[in-house]
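Chemist: Contents of input12.cif (mmCIF, N, CA and C atoms) are below:
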data_query
#
loop_
_atom_site.label_atom_id
_atom_site.label_comp_id
_atom_site.auth_asym_id
_atom_site.auth_seq_id
_atom_site.Cartn_x
_atom_site.Cartn_y
_atom_site.Cartn_z
N VAL A 1 169.29 100.71 136.45
CA VAL A 1 168.15 101.52 136.82
C VAL A 1 168.30 101.93 138.28
N MET A 2 168.12 103.21 138.55
CA MET A 2 168.21 103.71 139.91
C MET A 2 167.01 103.21 140.71
N LYS A 3 167.26 102.63 141.86
CA LYS A 3 166.19 102.07 142.68
C LYS A 3 165.71 103.03 143.76
N VAL A 4 166.44 104.13 143.98
CA VAL A 4 166.04 105.15 144.95
C VAL A 4 166.07 106.51 144.28
N SER A 5 165.23 107.40 144.77
CA SER A 5 165.16 108.74 144.19
C SER A 5 166.18 109.65 144.84
N GLU A 6 166.35 110.81 144.24
CA GLU A 6 167.29 111.81 144.76
C GLU A 6 166.87 112.27 146.15
N SER A 7 165.58 112.41 146.35
CA SER A 7 165.10 112.87 147.67
C SER A 7 165.35 111.81 148.75
N GLU A 8 165.23 110.53 148.40
CA GLU A 8 165.52 109.47 149.36
C GLU A 8 167.00 109.44 149.73
N MET A 9 167.86 109.70 148.74
CA MET A 9 169.29 109.74 149.03
C MET A 9 169.65 110.93 149.90
N GLU A 10 169.02 112.06 149.66
CA GLU A 10 169.25 113.23 150.51
C GLU A 10 168.79 112.97 151.94
N ALA A 11 167.61 112.33 152.09
CA ALA A 11 167.08 112.04 153.42
C ALA A 11 167.98 111.07 154.17
N ALA A 12 168.64 110.16 153.46
CA ALA A 12 169.52 109.18 154.10
C ALA A 12 170.90 109.77 154.40
N GLY A 13 171.18 110.95 153.87
CA GLY A 13 172.46 111.59 154.12
C GLY A 13 173.60 111.04 153.29
N ILE A 14 173.31 110.57 152.10
CA ILE A 14 174.34 110.01 151.22
C ILE A 14 175.02 111.16 150.48
N SER A 15 176.34 111.20 150.54
CA SER A 15 177.07 112.25 149.85
C SER A 15 177.01 112.03 148.34
N HIS A 16 177.29 113.09 147.59
CA HIS A 16 177.14 113.04 146.13
C HIS A 16 178.03 112.00 145.46
N GLU A 17 179.18 111.74 146.02
CA GLU A 17 180.09 110.78 145.39
C GLU A 17 179.58 109.35 145.46
N TYR A 18 178.63 109.05 146.35
CA TYR A 18 178.09 107.69 146.47
C TYR A 18 176.69 107.56 145.90
N ARG A 19 176.20 108.56 145.23
CA ARG A 19 174.85 108.50 144.65
C ARG A 19 174.95 107.85 143.27
N ASP A 20 174.96 106.54 143.27
CA ASP A 20 175.08 105.78 142.04
C ASP A 20 174.08 104.63 142.06
N TYR A 21 174.32 103.65 141.23
CA TYR A 21 173.37 102.54 141.12
C TYR A 21 173.35 101.63 142.34
N CYS A 22 174.28 101.80 143.25
CA CYS A 22 174.34 100.99 144.46
C CYS A 22 173.85 101.74 145.69
N ALA A 23 173.24 102.89 145.50
CA ALA A 23 172.83 103.73 146.62
C ALA A 23 171.79 103.05 147.50
N HIS A 24 170.93 102.22 146.91
CA HIS A 24 169.91 101.54 147.73
C HIS A 24 170.56 100.61 148.75
N LEU A 25 171.67 100.00 148.39
CA LEU A 25 172.37 99.13 149.33
C LEU A 25 173.11 99.93 150.39
N LEU A 26 173.60 101.10 150.02
CA LEU A 26 174.26 101.95 150.99
C LEU A 26 173.26 102.49 152.01
N ILE A 27 172.05 102.78 151.57
CA ILE A 27 171.00 103.21 152.49
C ILE A 27 170.71 102.11 153.50
N ASP A 28 170.62 100.86 153.02
CA ASP A 28 170.40 99.73 153.93
C ASP A 28 171.54 99.60 154.94
N PHE A 29 172.77 99.79 154.47
CA PHE A 29 173.93 99.70 155.37
C PHE A 29 173.91 100.81 156.41
N TYR A 30 173.62 102.04 155.99
CA TYR A 30 173.54 103.15 156.95
C TYR A 30 172.46 102.92 157.99
N LYS A 31 171.31 102.40 157.54
CA LYS A 31 170.20 102.14 158.47
C LYS A 31 170.58 101.05 159.47
N CYS A 32 171.20 99.99 159.00
CA CYS A 32 171.64 98.91 159.88
C CYS A 32 172.66 99.42 160.88
N ARG A 33 173.61 100.20 160.39
CA ARG A 33 174.64 100.73 161.27
C ARG A 33 174.05 101.63 162.36
N LYS A 34 173.05 102.41 161.98
CA LYS A 34 172.38 103.28 162.95
C LYS A 34 171.59 102.46 163.96
N ASP A 35 170.89 101.43 163.50
CA ASP A 35 170.06 100.60 164.39
C ASP A 35 170.88 99.75 165.35
N LYS A 36 172.04 99.29 164.92
CA LYS A 36 172.81 98.34 165.72
C LYS A 36 174.03 98.97 166.39
N TRP A 37 174.09 100.30 166.40
CA TRP A 37 175.21 100.98 167.04
C TRP A 37 175.23 100.65 168.51
N PRO A 38 176.31 100.35 169.16
CA PRO A 38 177.71 100.40 168.78
C PRO A 38 178.22 99.08 168.20
N MET A 39 177.34 98.15 167.93
CA MET A 39 177.75 96.86 167.35
C MET A 39 177.61 96.91 165.83
N ALA A 40 178.24 97.89 165.22
CA ALA A 40 178.13 98.08 163.78
C ALA A 40 178.73 96.91 163.00
N ALA A 41 179.54 96.11 163.65
CA ALA A 41 180.13 94.94 162.98
C ALA A 41 179.06 93.92 162.61
N LEU A 42 177.88 94.03 163.19
CA LEU A 42 176.79 93.12 162.85
C LEU A 42 176.20 93.43 161.47
N CYS A 43 176.62 94.51 160.86
CA CYS A 43 176.11 94.91 159.55
C CYS A 43 177.05 94.50 158.42
N ASN A 44 177.87 93.51 158.66
CA ASN A 44 178.83 93.08 157.63
C ASN A 44 178.15 92.59 156.36
N HIS A 45 176.98 91.97 156.49
CA HIS A 45 176.28 91.47 155.31
C HIS A 45 175.87 92.64 154.40
N GLU A 46 175.33 93.69 155.00
CA GLU A 46 174.93 94.86 154.22
C GLU A 46 176.13 95.55 153.59
N ARG A 47 177.22 95.64 154.35
CA ARG A 47 178.44 96.27 153.83
C ARG A 47 179.01 95.45 152.66
N HIS A 48 178.99 94.13 152.81
CA HIS A 48 179.51 93.27 151.74
C HIS A 48 178.65 93.40 150.48
N ALA A 49 177.34 93.47 150.65
CA ALA A 49 176.45 93.61 149.49
C ALA A 49 176.73 94.92 148.75
N TRP A 50 176.95 96.00 149.50
CA TRP A 50 177.26 97.29 148.87
C TRP A 50 178.62 97.25 148.18
N ASP A 51 179.63 96.68 148.85
CA ASP A 51 180.97 96.56 148.25
C ASP A 51 180.93 95.75 146.97
N LYS A 52 180.19 94.66 146.96
CA LYS A 52 180.08 93.81 145.77
C LYS A 52 179.40 94.56 144.64
N CYS A 53 178.36 95.30 144.96
CA CYS A 53 177.68 96.09 143.94
C CYS A 53 178.62 97.14 143.35
N GLN A 54 179.40 97.80 144.19
CA GLN A 54 180.36 98.79 143.71
C GLN A 54 181.40 98.14 142.79
N ALA A 55 181.91 96.98 143.19
CA ALA A 55 182.91 96.29 142.37
C ALA A 55 182.32 95.83 141.05
N ASP A 56 181.11 95.28 141.08
CA ASP A 56 180.46 94.84 139.84
C ASP A 56 180.21 96.01 138.90
N ASP A 57 179.79 97.14 139.46
CA ASP A 57 179.55 98.32 138.64
C ASP A 57 180.85 98.81 138.00
N PHE A 58 181.92 98.81 138.78
CA PHE A 58 183.23 99.23 138.25
C PHE A 58 183.67 98.31 137.12
N HIS A 59 183.55 97.01 137.30
CA HIS A 59 183.97 96.05 136.27
C HIS A 59 183.13 96.21 135.01
N LEU A 60 181.84 96.44 135.18
CA LEU A 60 180.97 96.63 134.01
C LEU A 60 181.39 97.89 133.24
N ARG A 61 181.66 98.98 133.95
CA ARG A 61 182.09 100.21 133.28
C ARG A 61 183.42 100.01 132.58
N MET A 62 184.34 99.27 133.18
CA MET A 62 185.63 99.04 132.54
C MET A 62 185.49 98.17 131.30
N ARG A 63 184.63 97.16 131.35
CA ARG A 63 184.39 96.32 130.17
C ARG A 63 183.78 97.15 129.04
N GLU A 64 182.83 98.02 129.37
CA GLU A 64 182.23 98.87 128.35
C GLU A 64 183.27 99.82 127.75
N PHE A 65 184.12 100.38 128.59
CA PHE A 65 185.17 101.28 128.11
C PHE A 65 186.11 100.54 127.16
N GLU A 66 186.55 99.34 127.55
CA GLU A 66 187.47 98.57 126.69
C GLU A 66 186.80 98.19 125.39
N ARG A 67 185.53 97.84 125.42
CA ARG A 67 184.80 97.48 124.21
C ARG A 67 184.75 98.68 123.26
N GLU A 68 184.41 99.84 123.80
CA GLU A 68 184.37 101.05 122.97
C GLU A 68 185.74 101.38 122.40
N ARG A 69 186.79 101.20 123.20
CA ARG A 69 188.14 101.48 122.74
C ARG A 69 188.53 100.54 121.59
N ARG A 70 188.20 99.25 121.73
CA ARG A 70 188.52 98.30 120.67
C ARG A 70 187.72 98.58 119.41
N LEU A 71 186.44 98.94 119.55
CA LEU A 71 185.63 99.26 118.37
C LEU A 71 186.16 100.49 117.65
N LYS A 72 186.58 101.49 118.42
CA LYS A 72 187.13 102.70 117.81
C LYS A 72 188.45 102.39 117.10
N ALA A 73 189.29 101.57 117.69
CA ALA A 73 190.55 101.19 117.06
C ALA A 73 190.29 100.38 115.78
N ARG A 74 189.30 99.52 115.80
CA ARG A 74 188.95 98.72 114.62
C ARG A 74 188.45 99.63 113.50
N GLN A 75 187.62 100.59 113.87
CA GLN A 75 187.11 101.52 112.88
C GLN A 75 188.24 102.34 112.26
N ASN A 76 189.20 102.76 113.09
CA ASN A 76 190.33 103.52 112.56
C ASN A 76 191.19 102.66 111.63
N ARG A 77 191.36 101.37 111.96
CA ARG A 77 192.14 100.47 111.08
C ARG A 77 191.43 100.29 109.74
N LYS A 78 190.09 100.15 109.76
CA LYS A 78 189.36 99.97 108.52
C LYS A 78 189.41 101.21 107.63
N GLU A 79 189.39 102.38 108.27
CA GLU A 79 189.45 103.61 107.49
C GLU A 79 190.83 103.84 106.89
N ALA A 80 191.86 103.31 107.52
CA ALA A 80 193.21 103.53 107.04
C ALA A 80 193.59 102.61 105.88
#
Output the file's structure as structure tokens, nothing else.

Modeler:
Amino acid sequence: VMKVSESEMEAAGISHEYRDYCAHLLIDFYKCRKDKWPMAALCNHERHAWDKCQADDFHLRMREFERERRLKARQNRKEA
């Protein structure tokens, strides 16, 4: 479920390629980086949370893809 709206992502300046289910964490990271500039290294926790969300989302999509592929192959074997 998307936790931020399209207008919130536009206001935060998030490019279209990063407007996904982890956008709320990217907004937090951008805000932290802006608030703590030039010590942006203090935002490592926010960056790590966003990176982990991105990795988890990728793994979930890959598992779903593999599951669909196996189900389709099973269906083809049964039909043959």

Chemist: Report, in Å with one decimal, the straight-line distance from atom N of Ala55 in chain A to CA of Ala73 in chain A.

Modeler: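 Interatomic distance, atom N of Ala55 in chain A to CA of Ala73 in chain A: 27.8 Å.
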
Chemist: Evaluate the PyMOL selection byres (((chain A and resi 31-33 and name CA) around 10) and name CA) here and jot the selected residues down as a ChimeraX atom specification.

Modeler: /A:12,25-30,34-47

Chemist: When you look at Glu6 in chain A with a cut-off of 12 Å (counting only C-alpha atoms), what residues show up, excluding the ones that are within fewer than 2 positions of it in the same chain? I need them as a PDB file with N, CA and C atoms, keeping the file's coordinate frame.

Modeler:
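Just written: selection.pdb:
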ATOM      1  N   MET A   2     168.120 103.210 138.550  1.00  0.00           N
ATOM      2  CA  MET A   2     168.210 103.710 139.910  1.00  0.00           C
ATOM      3  C   MET A   2     167.010 103.210 140.710  1.00  0.00           C
ATOM      4  N   LYS A   3     167.260 102.630 141.860  1.00  0.00           N
ATOM      5  CA  LYS A   3     166.190 102.070 142.680  1.00  0.00           C
ATOM      6  C   LYS A   3     165.710 103.030 143.760  1.00  0.00           C
ATOM      7  N   VAL A   4     166.440 104.130 143.980  1.00  0.00           N
ATOM      8  CA  VAL A   4     166.040 105.150 144.950  1.00  0.00           C
ATOM      9  C   VAL A   4     166.070 106.510 144.280  1.00  0.00           C
ATOM     10  N   GLU A   8     165.230 110.530 148.400  1.00  0.00           N
ATOM     11  CA  GLU A   8     165.520 109.470 149.360  1.00  0.00           C
ATOM     12  C   GLU A   8     167.000 109.440 149.730  1.00  0.00           C
ATOM     13  N   MET A   9     167.860 109.700 148.740  1.00  0.00           N
ATOM     14  CA  MET A   9     169.290 109.740 149.030  1.00  0.00           C
ATOM     15  C   MET A   9     169.650 110.930 149.900  1.00  0.00           C
ATOM     16  N   GLU A  10     169.020 112.060 149.660  1.00  0.00           N
ATOM     17  CA  GLU A  10     169.250 113.230 150.510  1.00  0.00           C
ATOM     18  C   GLU A  10     168.790 112.970 151.940  1.00  0.00           C
ATOM     19  N   ALA A  11     167.610 112.330 152.090  1.00  0.00           N
ATOM     20  CA  ALA A  11     167.080 112.040 153.420  1.00  0.00           C
ATOM     21  C   ALA A  11     167.980 111.070 154.170  1.00  0.00           C
ATOM     22  N   ALA A  12     168.640 110.160 153.460  1.00  0.00           N
ATOM     23  CA  ALA A  12     169.520 109.180 154.100  1.00  0.00           C
ATOM     24  C   ALA A  12     170.900 109.770 154.400  1.00  0.00           C
ATOM     25  N   GLY A  13     171.180 110.950 153.870  1.00  0.00           N
ATOM     26  CA  GLY A  13     172.460 111.590 154.120  1.00  0.00           C
ATOM     27  C   GLY A  13     173.600 111.040 153.290  1.00  0.00           C
ATOM     28  N   ILE A  14     173.310 110.570 152.100  1.00  0.00           N
ATOM     29  CA  ILE A  14     174.340 110.010 151.220  1.00  0.00           C
ATOM     30  C   ILE A  14     175.020 111.160 150.480  1.00  0.00           C
ATOM     31  N   SER A  15     176.340 111.200 150.540  1.00  0.00           N
ATOM     32  CA  SER A  15     177.070 112.250 149.850  1.00  0.00           C
ATOM     33  C   SER A  15     177.010 112.030 148.340  1.00  0.00           C
ATOM     34  N   HIS A  16     177.290 113.090 147.590  1.00  0.00           N
ATOM     35  CA  HIS A  16     177.140 113.040 146.130  1.00  0.00           C
ATOM     36  C   HIS A  16     178.030 112.000 145.460  1.00  0.00           C
ATOM     37  N   TYR A  18     178.630 109.050 146.350  1.00  0.00           N
ATOM     38  CA  TYR A  18     178.090 107.690 146.470  1.00  0.00           C
ATOM     39  C   TYR A  18     176.690 107.560 145.900  1.00  0.00           C
ATOM     40  N   ARG A  19     176.200 108.560 145.230  1.00  0.00           N
ATOM     41  CA  ARG A  19     174.850 108.500 144.650  1.00  0.00           C
ATOM     42  C   ARG A  19     174.950 107.850 143.270  1.00  0.00           C
ATOM     43  N   ASP A  20     174.960 106.540 143.270  1.00  0.00           N
ATOM     44  CA  ASP A  20     175.080 105.780 142.040  1.00  0.00           C
ATOM     45  C   ASP A  20     174.080 104.630 142.060  1.00  0.00           C
ATOM     46  N   TYR A  21     174.320 103.650 141.230  1.00  0.00           N
ATOM     47  CA  TYR A  21     173.370 102.540 141.120  1.00  0.00           C
ATOM     48  C   TYR A  21     173.350 101.630 142.340  1.00  0.00           C
ATOM     49  N   ALA A  23     173.240 102.890 145.500  1.00  0.00           N
ATOM     50  CA  ALA A  23     172.830 103.730 146.620  1.00  0.00           C
ATOM     51  C   ALA A  23     171.790 103.050 147.500  1.00  0.00           C
ATOM     52  N   HIS A  24     170.930 102.220 146.910  1.00  0.00           N
ATOM     53  CA  HIS A  24     169.910 101.540 147.730  1.00  0.00           C
ATOM     54  C   HIS A  24     170.560 100.610 148.750  1.00  0.00           C
TER      55      HIS A  24
END

Chemist: Report, in Å to a single decimal, how far apart CA of Phe65 in chain A and CA of Glu79 in chain A are.

Modeler: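 Value for the CA of Glu79 in chain A-CA of Phe65 in chain A distance: 21.2 Å.
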
Chemist: Closest to His48 in chain A among A:Cys22, A:Val1, A:Glu17, A:Ser7, using only C-alpha atoms?

Modeler: A:Cys22

Chemist: What does the distance between CA of Ser5 in chain A and CA of Leu60 in chain A come to in Å, to one decimal place?

Modeler: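 Interatomic distance, CA of Ser5 in chain A to CA of Leu60 in chain A: 22.4 Å.
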